[in-house]
Structures are given as structure tokens and as C-alpha cells.
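Visitor: start-v1.txt is reproduced below (compact mmCIF, C-alpha atoms).
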# COMPACT_ATOMS: atom_id res chain seq x y z
CA MET A 876 -22.55 29.47 28.16
CA THR A 877 -20.07 29.97 31.01
CA THR A 878 -16.32 29.97 30.50
CA LYS A 879 -16.09 26.61 32.26
CA LYS A 880 -18.71 25.08 29.95
CA ARG A 881 -16.99 26.53 26.86
CA ALA A 882 -13.70 24.96 27.92
CA ALA A 883 -15.37 21.61 28.50
CA ALA A 884 -17.06 21.76 25.09
CA ALA A 885 -13.82 22.67 23.36
CA ALA A 886 -12.01 19.81 25.09
CA ALA A 887 -14.74 17.37 24.04
CA LEU A 888 -14.54 18.59 20.43
CA CYS A 889 -10.76 18.20 20.37
CA ALA A 890 -11.03 14.69 21.78
CA ALA A 891 -13.59 13.76 19.15
CA LEU A 892 -11.52 15.15 16.29
CA SER A 893 -8.04 14.11 17.33
CA PRO A 894 -8.21 10.44 16.17
CA ALA A 895 -9.40 11.50 12.73
CA MET A 896 -6.82 14.28 12.49
CA ALA A 897 -3.85 12.25 13.73
CA ALA A 898 -1.35 11.87 10.92
CA PRO A 899 0.18 8.45 10.30
CA PRO A 900 3.88 8.17 11.19
CA PHE A 901 6.47 9.19 8.62
CA LEU A 902 8.04 6.29 6.75
CA ASP A 903 11.52 6.97 8.11
CA VAL A 904 10.10 6.49 11.61
CA LEU A 905 8.55 3.16 10.59
CA VAL A 906 11.75 2.06 8.88
CA TYR A 907 13.66 2.75 12.07
CA GLU A 908 11.09 0.81 14.11
CA TYR A 909 11.25 -2.16 11.76
CA GLY A 910 15.04 -2.11 11.89
CA GLN A 911 14.92 -2.37 15.67
CA CYS A 912 12.20 -5.03 15.74
CA VAL A 913 13.92 -7.54 13.50
CA GLN A 914 17.16 -7.68 15.48
CA PRO A 915 19.16 -9.68 16.44
CA GLY A 916 18.27 -12.28 13.81
CA TYR A 917 18.14 -9.78 10.93
CA HIS A 918 19.72 -6.45 10.03
CA GLN A 919 18.72 -3.63 7.70
CA ALA A 920 20.88 -2.87 4.68
CA GLY A 921 20.62 -0.96 1.41
CA LEU A 922 18.33 1.74 2.77
CA LEU A 923 16.72 3.73 -0.08
CA PHE A 924 15.02 7.14 0.13
CA TYR A 925 12.70 8.32 -2.63
CA ASP A 926 12.35 12.07 -3.04
CA GLY A 927 8.82 13.37 -3.45
CA PRO A 928 5.67 11.74 -4.83
CA GLY A 929 5.82 9.17 -7.60
CA SER A 930 3.73 6.68 -9.54
CA TYR A 931 3.92 3.46 -11.53
CA GLN A 932 1.62 1.15 -13.48
CA LEU A 933 0.21 -2.05 -12.02
CA ALA A 934 -0.87 -4.56 -14.68
CA VAL A 935 -3.57 -7.05 -13.70
CA LYS A 936 -4.57 -9.42 -16.49
CA ASP A 937 -5.80 -7.17 -19.32
CA ALA A 938 -6.18 -4.05 -17.14
CA ALA A 939 -3.74 -1.43 -15.86
CA TYR A 940 -3.97 0.80 -12.81
CA ALA A 941 -1.85 3.85 -11.94
CA ILE A 942 -0.39 3.57 -8.44
CA ALA A 943 0.10 7.10 -7.07
CA LEU A 944 2.42 7.55 -4.08
CA GLN A 945 3.06 10.30 -1.56
CA GLU A 946 5.93 8.60 0.28
CA ARG A 947 8.24 5.72 -0.64
CA MET A 948 11.12 4.02 1.11
CA GLY A 949 12.88 0.70 0.74
CA PHE A 950 15.47 -1.49 2.40
CA SER A 951 16.81 -5.03 2.50
CA LEU A 952 16.91 -7.39 5.46
CA GLN A 953 19.94 -9.59 5.91
CA ALA A 954 20.22 -12.80 7.91
CA GLY A 955 22.52 -11.70 10.70
CA ILE A 956 25.31 -9.18 10.17
CA ASP A 957 26.61 -9.28 6.58
CA GLY A 958 24.52 -12.38 5.88
CA PRO A 959 22.52 -13.08 2.71
CA VAL A 960 19.47 -10.94 1.92
CA VAL A 961 16.29 -12.73 2.99
CA ALA A 962 13.79 -9.98 2.09
CA VAL A 963 13.55 -6.84 -0.04
CA VAL A 964 11.07 -4.44 1.54
CA LYS A 965 9.17 -1.52 -0.01
CA LEU A 966 7.08 0.85 2.12
CA GLU A 967 4.56 2.87 0.11
CA ARG A 968 1.94 5.38 1.22
CA PRO A 969 -0.65 6.65 -1.29
CA PRO A 970 -2.78 9.77 -1.13
CA ALA A 971 -5.28 9.16 1.69
CA ALA A 972 -8.31 9.29 -0.61
CA GLN A 973 -6.89 6.47 -2.76
CA PHE A 974 -5.93 4.02 -0.04
CA GLN A 975 -8.94 1.67 -0.26
CA GLU A 976 -8.96 1.65 -4.05
CA GLN A 977 -5.24 0.92 -4.21
CA ALA A 978 -5.64 -1.85 -1.64
CA LEU A 979 -8.16 -3.61 -3.88
CA TRP A 980 -5.93 -3.33 -6.95
CA ARG A 981 -2.83 -4.48 -5.09
CA GLU A 982 -4.69 -7.51 -3.77
CA ARG A 983 -5.95 -8.27 -7.27
CA GLY A 984 -2.41 -8.04 -8.58
CA LEU A 985 -1.07 -10.53 -6.05
CA ARG A 986 -4.01 -12.87 -6.64
CA ASP A 987 -3.24 -12.71 -10.36
CA VAL A 988 0.38 -13.69 -9.64
CA ALA A 989 -0.86 -16.67 -7.62
CA GLU A 990 -3.22 -17.79 -10.40
CA ARG A 991 -0.56 -17.52 -13.10
CA SER A 992 1.87 -19.44 -10.91
CA GLY A 993 -0.67 -22.17 -10.14
CA VAL A 994 -0.36 -21.73 -6.37
CA ALA A 995 -2.68 -20.67 -3.56
CA LEU A 996 -2.86 -17.14 -2.19
CA GLU A 997 -2.55 -17.24 1.59
CA GLU A 998 -4.45 -14.51 3.44
CA ARG A 999 -4.20 -13.65 7.12
CA ALA A 1000 -5.73 -11.08 9.44
CA VAL A 1001 -3.11 -9.16 11.40
CA GLU A 1002 -3.44 -7.34 14.70
CA GLY A 1003 -4.56 -3.73 14.35
CA GLY A 1004 -6.90 -4.32 11.41
CA ALA A 1005 -4.13 -5.00 8.89
CA ARG A 1006 -4.20 -7.94 6.50
CA LEU A 1007 -1.41 -9.96 4.99
CA SER A 1008 -1.34 -11.81 1.66
CA ILE A 1009 1.43 -14.26 0.72
CA VAL A 1010 2.27 -16.03 -2.53
CA ASN A 1011 5.00 -18.65 -2.49
CA LYS A 1012 6.27 -20.84 -5.29
CA SER A 1013 5.54 -24.55 -5.12
CA GLU A 1014 9.26 -25.29 -5.46
CA ILE A 1015 12.54 -23.44 -5.17
CA THR A 1016 13.33 -21.94 -8.59
CA GLY A 1017 14.53 -18.64 -10.01
CA ASN A 1018 15.76 -15.57 -8.16
CA TYR A 1019 12.79 -15.24 -5.80
CA VAL A 1020 10.78 -17.78 -3.81
CA GLY A 1021 7.75 -15.65 -2.91
CA GLN A 1022 6.06 -12.29 -2.53
CA SER A 1023 4.04 -10.77 0.31
CA LEU A 1024 1.82 -7.73 0.78
CA LEU A 1025 0.78 -6.12 4.05
CA ILE A 1026 -2.15 -3.69 3.90
CA ASP A 1027 -2.19 -1.50 7.02
CA PRO A 1028 -5.16 0.91 7.12
CA GLN A 1029 -4.20 2.27 10.54
CA ARG A 1030 -0.88 3.54 9.23
CA GLN A 1031 -2.16 4.15 5.68
CA LEU A 1032 0.65 1.91 4.53
CA PHE A 1033 1.47 -0.84 2.04
CA VAL A 1034 4.44 -3.08 2.81
CA ASP A 1035 5.56 -5.14 -0.16
CA MET A 1036 8.16 -7.86 0.44
CA ALA A 1037 9.99 -9.97 -2.12
CA TRP A 1038 11.82 -13.05 -0.83
CA PRO A 1039 15.12 -13.71 -2.66
CA ASN A 1040 16.40 -17.24 -3.20
CA LYS A 1041 19.60 -16.55 -1.27
CA LEU A 1042 19.73 -18.76 1.82
CA PRO A 1043 21.78 -21.95 1.50
CA GLY A 1044 19.04 -23.84 3.34
CA TYR A 1045 16.53 -23.11 0.58
CA LYS A 1046 18.36 -25.53 -1.68
CA GLY A 1047 17.87 -28.49 0.65
CA PRO A 1048 14.95 -30.96 0.80
CA GLY A 1049 13.10 -28.77 3.30
CA GLY A 1050 13.60 -25.56 1.33
CA MET A 1051 9.99 -24.38 1.14
CA ALA A 1052 9.41 -25.20 4.79
CA LEU A 1053 12.36 -22.95 5.66
CA VAL A 1054 10.98 -20.19 3.40
CA ARG A 1055 7.72 -20.17 5.36
CA LYS A 1056 9.53 -20.33 8.67
CA VAL A 1057 11.65 -17.30 7.77
CA GLN A 1058 8.58 -15.39 6.55
CA ASP A 1059 6.63 -16.12 9.73
CA ASP A 1060 9.58 -15.13 11.89
CA LEU A 1061 10.17 -11.85 10.06
CA TRP A 1062 6.51 -10.86 10.00
CA ARG A 1063 6.19 -11.61 13.71
CA ARG A 1064 9.17 -9.41 14.48
CA MET A 1065 8.06 -6.58 12.19
CA GLN A 1066 4.54 -6.53 13.58
CA SER A 1067 5.66 -6.51 17.19
CA CYS A 1068 7.83 -3.37 17.19
CA GLN A 1069 7.58 -3.66 20.96
CA PRO A 1070 9.29 -7.04 21.49
CA PRO A 1071 8.44 -8.96 24.67
CA PRO A 1072 11.13 -9.02 27.38
CA ASP A 1073 12.41 -12.44 26.31
CA ALA A 1074 12.56 -11.66 22.55
CA SER A 1075 16.21 -10.64 22.61
CA THR A 1076 17.21 -13.92 24.25
CA ALA A 1077 15.14 -16.16 21.97
CA ALA A 1078 17.25 -18.43 19.79
CA PRO A 1079 17.23 -17.08 16.20
CA ILE A 1080 16.53 -19.36 13.25
CA PRO A 1081 19.89 -20.69 11.95
CA LEU A 1082 19.77 -18.95 8.56
CA HIS A 1083 23.40 -18.88 7.50
CA ARG A 1084 26.76 -20.27 8.43
CA ALA A 1085 28.75 -18.37 10.98
CA ARG A 1086 31.73 -16.49 9.61
CA ALA A 1087 35.14 -17.91 10.43
How does the structure come out when it is put into C-alpha cells?

Guide:
Amino acid sequence: MTTKKRAAAAAALCAALSPAMAAPPFLDVLVYEYGQCVQPGYHQAGLLFYDGPGSYQLAVKDAAYAIALQERMGFSLQAGIDGPVVAVVKLERPPAAQFQEQALWRERGLRDVAERSGVALEERAVEGGARLSIVNKSEITGNYVGQSLLIDPQRQLFVDMAWPNKLPGYKGPGGMALVRKVQDDLWRRMQSCQPPPDASTAAPIPLHRARA
């Protein structure tokens, strides 16, 4: 084989292997991206770093599953600057070999929450092969109004979001409609991460009263 052919073969091999070998982005990079995407309607707060791998137990009916993690980060999203917290976000990345298994257990866990709450589990396909599951209460009660889970195989990532009962508008007659509107708006912003040119000028949802 000539030197030219060897170089061409090596280049072809590298091209074939590079997608499989590409590492998913670090969580701090994703957190930064999300923080940029959600503006100007929302702002990050309470950023949490978790040192090293960890684990916890997920209980589903009469079974338990150990969730192993390689990376973990968390943050809150506020409505505007210094506004109420609309979402508490956890980013978790498991060992690569456990991703599919964990995805099944996490989905089972959220489905179990929906069944025990007597509400439907909403499932959506998201661009890039990700999938989103949402459980909302049937009425505004307690400290939280819903829970969501994004499963992102491309980034080997789970994004868990709890939705606090903090916005004044949640207490009105259209409370649950506003909950869904806020969820849709936040997910759209977080999934874009490359907002269209007119995104910064779009009118944000009026989530809280302006400060005097």
C-alpha cells in the first residue's frame, strides 16, 4: 500500500470512529448553555456543583433501583431577575453502559407518580432523538405543581425538573393553564440553545409583577 493510500485509509478510519468516540459535553458547559437560552424571561440561580460520582435509590412500587451517577449539577430558574423560582433543574449523567437501563427505570418512576396521582403522563418526542415526559397535578395544591423528565441519548443526559407552586398567577382560575404555558416556554428555550434572531425581542410571558 502506498503512503497516499495509507493516509486515505487512516483518514477514513478516523472519520468512521470519531462519532462513536466523541465525548458528550461536560455538564458545566450545558448549564452555561441553558442559562443563556432561557434569557431574558428567566435567569439561573442557586447553581450547585456535586463533586465526584454518586448514587441514590429510586423506588417504583414495590421495587427499588440504584441510580449511579458520574456527573451531577443543579440550578434553579427564576422568572425574570430576582423573581420567584419557576423550576428546579437537576442534570444527571450515568455511566455510559447504564444509560438505557436507567432511562427505563426513570420513566417507570414518573409513570408511577402519575398513576398514584390519578393523572395522565404526557410524553413527547423532542428534536435530536430526546424524549420528554411530564406529570402535572389536576389542580394547584402543595409545594409543587408538576414534574418533568428529559431523556437525551445524544448527550447521555437526564434532565429532571420540578415545578414549584411559586407564581402568583398559579393561584388564579387559569392556574394550570399557566403552568403548562410556562413549561412549554421553558422547554422551548432550553432545547433551542441557538435562539432564532427574533427570540430576544419576543415578548416574555408575564410571570411576575414588576418591581417598584

Visitor: Which residues come within 6 Å of A:Tyr917, counting all atoms listed in the file, excluding same-chain residues fewer than 3 positions away, as a VMD selection string?

Guide: chain A and resid 913 to 914 953 to 955

Visitor: Can you tell me, as lines of an AutoDock Vina configuration file, the centre and edge lengths (Å, one decimal) of the axis-aligned box enclosing all of stretch 936-942 of chain A's listed atoms after padding each side by 4 Å?

Guide:
center_x = -3.3
center_y = -2.8
center_z = -13.9
size_x = 13.8
size_y = 21.3
size_z = 18.9

Visitor: For atom CA of A:Pro959 and atom CA of A:Ala1052, determine how far apart the two atoms are, in Å to one decimal place.

Guide: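 Rounded to one decimal, the two atoms are 18.0 Å apart.
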
Visitor: Given only C-alpha atoms as the basis, pick out the residue of A:Leu1053, A:Asp957, A:Arg968, A:Gln1066 nearest to A:Gly910.

Guide: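 So, comparing all the options, the nearest one is A:Gln1066.
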
Visitor: Which residue out of A:Gln1031, A:Val994, A:Asn1018, A:Arg1055 has the minimum interatomic distance to A:Leu944 when only C-alpha atoms are used?

Guide: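 Using only C-alpha atoms, A:Leu944 sits closest to A:Gln1031.
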
Visitor: Write out as JSON lines the residues of stretch 927-980 of chain A that have any atom within 8 Å of an atom of stretch 898-909 of chain A, one row each with the nearest atom pair and its distance in Å to one decimal, counting only C-alpha atoms, sorted by chain and then rising number.

Guide:
{"residue": "A:Glu946", "atom": "CA", "partner": "A:Leu902", "partner_atom": "CA", "distance": 7.2}
{"residue": "A:Arg947", "atom": "CA", "partner": "A:Leu902", "partner_atom": "CA", "distance": 7.4}
{"residue": "A:Met948", "atom": "CA", "partner": "A:Leu902", "partner_atom": "CA", "distance": 6.8}
{"residue": "A:Leu966", "atom": "CA", "partner": "A:Leu902", "partner_atom": "CA", "distance": 7.2}

Visitor: Find the residue from A:Val1034, A:Ile1015, A:Ala971, A:Ala1005 that sits nearest to A:Gly1047; use all atoms listed in the file when measuring.

Guide: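 Among A:Val1034, A:Ile1015, A:Ala971, A:Ala1005, it is A:Ile1015 that comes nearest to A:Gly1047.
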
Visitor: Please determine, counting only C-alpha atoms, which residue among A:Thr1016, A:Asn1040, A:Gln977, A:Ser1008 has the shortest atom-to-atom distance to A:Val1057.

Guide: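 That would be A:Asn1040, the residue with the smallest distance to A:Val1057.
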
Visitor: Calculated over all atoms listed in the file, which of the candidates A:Gly958, A:Pro970, A:Gly1003, A:Pro1028 has the smallest distance to A:Pro1043?

Guide: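 Between A:Gly958, A:Pro970, A:Gly1003, A:Pro1028, the residue approaching A:Pro1043 most closely is A:Gly958.
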